[in-house]
There are 2 protein chains.
Amino acid sequence: MNYAEFQTQVSLSKQDICREVFADNRKAIRVKKEGIVVKNLERIFDATLNISNKKGFQAMSMRDLSKETNLSMGALYSYFSSKEELLEMLQHQRRTITKRILNAYIDAEKDPLAKLKVAVRTHLYLSETMQPWFYFSYMETKNLSKRQQEMAIASEIYTEKIFLDILNQGHSQGYFQVDDRQLTASVIKAMLQDWYLKRWKYAKRKISVDQYAQFVLELLGSFILHTTNNAHRKRSHHEN
Amino acid sequence: MNYAEFQTQVSLSKQDICREVFADNRKAIRVKKEGIVVKNLERIFDATLNISNKKGFQAMSMRDLSKETNLSMGALYSYFSSKEELLEMLQHQRRTITKRILNAYIDAEKDPLAKLKVAVRTHLYLSETMQPWFYFSYMETKNLSKRQQEMAIASEIYTEKIFLDILNQGHSQGYFQVDDRQLTASVIKAMLQDWYLKRWKYAKRKISVDQYAQFVLELLGSFILHTTNNAHRKRSHHEN
DNA sequence: GTCTATACACAGATAGAC
DNA sequence: GTCTATCTGTGTATAGAC
């Protein structure tokens with residue numbers, strides 16, 4: 001699987017996401033016509049992510065949001081009851097989608113190495129498609145309520161555990177030679193997060209998400225697959 | 001070098017840092033008695049980092065800061081002329097200290113592998129000693145002015161280049177076998193940053209900074225040192 | 001469904017007494 | 001050096017017209 005294939009398989013257009021948000025929040029949203037809701041949610045989310053990812057969610061005023069969406073303050077408040085609720089909608093949706101798609105791809109594979117590869121790629125591809133959402137989720141966790149912060153931490157641990165489970169499975173079946181699976185899972189997460197946190201850097205250097213995925217998998221391979229013939233070291237993307 | 005040694009070698013107590021800030025900002029700070037300035041700067045920085053790292057710098061009001069420091073609003077404003085200036089002082093100081101100490105340790109080593117090891121350790125130890133500063137720097141970059149944001153990005157690239165230079169040196173001298181040094185430097189940075197960004201996680205799992213350093217160096221070793229006898233794989237910290 | 005107008009709380013910042 | 005009191009702008013949120 002590469003990124004182009006991934007994009008054809010999942011339906012994560014802005015409209016798809018907004019329709020899903022509407023379905024999950026029918027009661028909270030005062031406006032009832034799906035067409036209108038989807039159109040305006042799209043504007044609201046776009047604007048919120050744009051402004052917040054530039055200067056922070058706290059620093060974005062409702063007046064900023066009103067200007068950018070071409071919706072009045074009054075109109076905005078018929079899609080959420082407070083600024084904080086808007087924040088929570090974005091956080092929740094990002095988490096739900098990640099969990100669903102990541103699990104779907106991992107469950108489709110059987111052996112540990114295949115699972116590990118698809119997990120790394122799927123996470124990177126997801127964060128590529130929804131980069132502003134991932135960046136926002138990461139940077140605005142602090143601004144959440146205690147209750148919501150706990151959910152964010154649980155989600156962080158959950159994703160890490162997905163990787164840990166794969167590593168443990170691969171270890172007990174004799175495929176992987178790696179002592180500290182917990183720490184390994186942690187740094188895998190760190191590398192995946194760097195992709196969406198430092199996107200400006202990778203974009204400037206013209207590193208594609210496929211190149212990045214390839215690199216991470218090679219690095220991991222050299223660490224957890226200590227085969228004597230070094231079969232895993234067939235490099236393929238020498239650009240420098 | 002381990003963390004205990006590092007701590008005896010560098011002088012980075014809160015007082016040391018505040019004295020340095022005072023020296024660098026003699027003109028901007030209205031209060032002139034060093035003893036008083038150092039004492040109050042310590043309170044101001046402590047409080048700012050505490051509150052901001054919990055709920056964000058924007059969300060911290062000057063009244064919050066006044067309460068936490070037991071200084072009146074008026075008193076606070078004799079140490080900086082605006083909230084933004086306070087932010088910049090913290091950012092600038094963190095960068096300056098990092099640059100100075102990182103270079104001092106790296107320049108003391110000659111061969112590339114020793115340089116790489118000491119660079120990784122020094123960065124981790126620095127971020128351990130000044131964790132709130134590093135976390136703050138990372139999370140609040142967005143709130144800076146354009147001018148200051150550029151300095152933050154330059155600093156990010158500068159640190160990465162330190163690692164890139166070491167990797168290139170090691171490669172051209174035949175010590176390291178690694179094709180994509182640029183990407184390697186990037187993920188090294190990502191792993192170093194994870195240490196101070198997810199400190200709560202590592203603390204809960206009782207991972208010490210020395211264990212983390214050891215792990216990162218082993219992971220790197222397996223990637224860049226492809227010796228046939230696998231000499232770099234002498235593990236030493238099997239705790240599970 | 002969306003708008004305009006407005007309530008009113010709280011922000012950053014300063015003046016002037018001590 | 002530090003305080004209290006206060007100025008003025010901006011924030012979130014809502015009421016009620018259309």
# chains A, B, ... in the order shown; residues from 1 in each chain; ligands from 1

$ closest_atom_pairs --of "chain C" --to "chain B" --cutoff "10 Å" --atoms "only C-alpha atoms (C1' of nucleotides)" --output "JSON lines"
{"residue": "C:DC10", "atom": "C1'", "partner": "B:Ser61", "partner_atom": "CA", "distance": 9.3}
{"residue": "C:DA11", "atom": "C1'", "partner": "B:Ser61", "partner_atom": "CA", "distance": 7.3}
{"residue": "C:DG12", "atom": "C1'", "partner": "B:Met62", "partner_atom": "CA", "distance": 7.4}
{"residue": "C:DA13", "atom": "C1'", "partner": "B:Ser82", "partner_atom": "CA", "distance": 8.0}
{"residue": "C:DT14", "atom": "C1'", "partner": "B:Gly74", "partner_atom": "CA", "distance": 8.1}

$ write_last_selection --atoms "C-alpha atoms (C1' of nucleotides)" --output "short mmCIF file (atom, residue, chain, number, x, y, z; two decimals), in the first residue's frame"
data_model
loop_
_atom_site.label_atom_id
_atom_site.label_comp_id
_atom_site.auth_asym_id
_atom_site.auth_seq_id
_atom_site.Cartn_x
_atom_site.Cartn_y
_atom_site.Cartn_z
"C1'" DC C 10 -12.33 40.07 31.98
"C1'" DA C 11 -8.16 41.03 29.52
"C1'" DG C 12 -3.57 43.86 29.43
"C1'" DA C 13 -1.63 47.87 30.86
"C1'" DT C 14 -0.59 52.27 33.56
#

$ interface_residues --of "chain B" --to "chain D" --cutoff "8 Å" --atoms "only C-alpha atoms (C1' of nucleotides)" --output "ChimeraX atom specification"
/B:31,72,74-75

$ closest_atom_pairs --of "chain A" --to "chain B" --cutoff "8 Å" --atoms "only C-alpha atoms" --output "Markdown table"
| residue | atom | partner | partner_atom | distance |
| --- | --- | --- | --- | --- |
| A:Asn53 | CA | B:Lys142 | CA | 7.7 |
| A:Lys54 | CA | B:Lys142 | CA | 6.2 |
| A:Lys55 | CA | B:Lys142 | CA | 5.1 |
| A:Gly56 | CA | B:Lys142 | CA | 6.5 |
| A:Gln58 | CA | B:Gln58 | CA | 6.5 |
| A:Ala59 | CA | B:Gln58 | CA | 6.7 |
| A:Met139 | CA | B:Met139 | CA | 6.8 |
| A:Lys142 | CA | B:Lys55 | CA | 5.2 |
| A:Asn143 | CA | B:Lys55 | CA | 5.5 |
| A:Asp179 | CA | B:His238 | CA | 6.8 |
| A:Asp180 | CA | B:Asn240 | CA | 7.0 |
| A:Leu183 | CA | B:Phe215 | CA | 7.7 |
| A:Val187 | CA | B:Met191 | CA | 6.1 |
| A:Ala190 | CA | B:Asp194 | CA | 6.0 |
| A:Met191 | CA | B:Ala190 | CA | 6.0 |
| A:Asp194 | CA | B:Ala190 | CA | 6.0 |
| A:Phe215 | CA | B:Leu183 | CA | 7.7 |
| A:Leu219 | CA | B:Phe223 | CA | 6.0 |
| A:Ser222 | CA | B:Phe223 | CA | 5.6 |
| A:Phe223 | CA | B:Ser222 | CA | 5.6 |
| A:His238 | CA | B:Asp179 | CA | 6.8 |
| A:Glu239 | CA | B:Asp180 | CA | 7.9 |
| A:Asn240 | CA | B:Asp180 | CA | 7.0 |

$ write_last_selection --atoms "C-alpha atoms" --output "PDB file, in the first residue's frame"
ATOM      1  CA  ASN A  53      -2.946  26.180  13.846  1.00  0.00           C
ATOM      2  CA  LYS A  54      -1.464  29.599  13.108  1.00  0.00           C
ATOM      3  CA  LYS A  55      -1.924  31.353  16.409  1.00  0.00           C
ATOM      4  CA  GLY A  56      -3.624  28.955  18.793  1.00  0.00           C
ATOM      5  CA  GLN A  58      -7.355  30.470  22.617  1.00  0.00           C
ATOM      6  CA  ALA A  59      -6.048  33.343  20.548  1.00  0.00           C
ATOM      7  CA  MET A 139      -1.279  21.325  20.237  1.00  0.00           C
ATOM      8  CA  LYS A 142      -3.816  21.564  27.119  1.00  0.00           C
ATOM      9  CA  ASN A 143      -6.862  23.759  26.508  1.00  0.00           C
ATOM     10  CA  ASP A 179      14.089  -6.149  24.275  1.00  0.00           C
ATOM     11  CA  ASP A 180      12.295  -3.022  25.259  1.00  0.00           C
ATOM     12  CA  LEU A 183      10.155   2.124  24.612  1.00  0.00           C
ATOM     13  CA  VAL A 187       9.614   6.183  19.766  1.00  0.00           C
ATOM     14  CA  ALA A 190       7.265   9.993  18.318  1.00  0.00           C
ATOM     15  CA  MET A 191       8.392   9.482  14.740  1.00  0.00           C
ATOM     16  CA  ASP A 194       6.882  14.313  13.916  1.00  0.00           C
ATOM     17  CA  PHE A 215      12.497   5.486   6.022  1.00  0.00           C
ATOM     18  CA  LEU A 219      15.019   2.264  10.645  1.00  0.00           C
ATOM     19  CA  SER A 222      17.313  -2.595  11.288  1.00  0.00           C
ATOM     20  CA  PHE A 223      16.469  -2.447  14.974  1.00  0.00           C
ATOM     21  CA  HIS A 238      18.423   7.011  -2.389  1.00  0.00           C
ATOM     22  CA  GLU A 239      17.819  10.602  -3.327  1.00  0.00           C
ATOM     23  CA  ASN A 240      21.029  12.107  -2.010  1.00  0.00           C
TER      24      ASN A 240
END

$ select_by_dssp --residues "range 108-200 of chain A" --states "alpha helix (DSSP H)" --output "MDAnalysis selection string"
chainID A and resid 112:129 131:139 146:172 181:197 199:200

$ residues_around --residues "Gln169 in chain B" --least-positions-apart "4" --cutoff "12 Å" --atoms "only C-alpha atoms (C1' of nucleotides)" --output "number ranges by chain"
B: 110-116, 161-165, 173-178, 181

$ atom_distance --atom1 "CA of Ala152 in chain A" --atom2 "CA of Glu20 in chain A"
20.0 Å
